[in-house]
Amino acid sequence: MSNTLDASGAGSDTPNLDFDGTTPYEDYVQADVLTHLQHPRSDDPGEMVFLVTTQVMELWFTVIVHEWETAAKALREDRIPVAMDALKRSLRELEALNASWRPLAQLTPGQFNSYRAALGEGSGFQSAMYRRMEFLLGEKSASMLVPHRGAPRVHAELEKALQEPSLYDEVLRLLARRGLPVPPAVLDRDLSQRYEASAEVEAVWTTLYEDPELHQDLHRLGEVLTDVAELVWRWRNDHLVATRRAMGAKTGTGGSAGVTWLEKRASKNVFPELWTARSHV
């Protein structure tokens with residue numbers, strides 16, 4: 001190891017540069033692994049931007065799933081402050097995720113076509129981590145496990161997420177434990193199915209918003225969930241606009257319906273009763 005003292009014996013401003021193996025930074029961050037995961041399949045220099053941006057999105061999906069699973073567990077244990085902290089962190093992470101569209105937001109059809117063939121049958125809807133995000137939001141679909149049958153670990157993780165309560169399910173169970181009239185049909189539903197809006201749940205949120213002082217912590221929870229829902233909507237809409245700009249209404253990669261599929265996704269409200277209840281307050 002290099003000496004950290006200068007000739008006079010005083011402390012040196014020079015950091016330690018000599019390590020027995022890789023640097024502690026590398027050991028922790030695995031930067032060498034991350035920066036060598038890019039393998040462009042075309043000669044177009046723009047493909048590197050597309051590839052790195054997509055990989056960055058996958059990392060943000062991963063941390064957001066971590067936050068929402070942390071929040072769901074905390075809600076199950078009636079630890080609302082812990083859940084709120086995780087959800088608030090996820091807001092900043094969703095903002096960063098949404099900003100990831102900027103390098104791709106103004107792709108022309110010609111620019112995208114220059115490396116589109118390199119994607120082959122690859123498509124964003126095949127992202128397992130994004131699918132876990134959607135499952136946590138209550139957008140369950142067993143058919144979305146099919147593309148992952150060839151990856152046993154990934155398939156098992158998605159199967160588990162499909163069967164578990166979503167983040168919103170845990171919120172509704174919390175409301176019921178606090179004495180609010182969430183109907184049994186909602187609480188006892190098949191968790192592997194997509195969440196469908198309930199007039200009774202809408203009435204519960206209406207009550208909470210009509211009198212915020214009644215359950216202040218639940219009102220605050222509703223607002224941070226609304227923030228999450230808004231940022232998810234912005235993500236979906238930015239995806240739609242970027243895709244429409246790059247490829248118009250053509251069939252998407254992987255055989256998806258492209259813009260038509262994304263328009264359908266962008267039209268859906270996350271945590272729907274939190275939005276519709278506002279019309280009754």
# chains A, B, ... in the order shown; residues from 1 in each chain; ligands from 1
>>> residues_around(residues="Val201 in chain A", least_positions_apart="3", cutoff="6 Å", atoms="only C-alpha atoms", output="ChimeraX atom specification")
/A:182,198,204
>>> residues_around(residues="Asp78 in chain A", least_positions_apart="3", cutoff="8 Å", atoms="only C-alpha atoms", output="list in words")
Ala74, Leu75 and Leu174 of chain A
>>> closest_residue(among="A:Val56, A:Leu225, A:Ala142, A:Val241", to="Asp85 in chain A", atoms="only C-alpha atoms")
A:Leu225
>>> closest_residue(among="A:Trp205, A:Tyr25, A:Tyr115, A:Phe61", to="Met129 in chain A", atoms="only C-alpha atoms")
A:Phe61
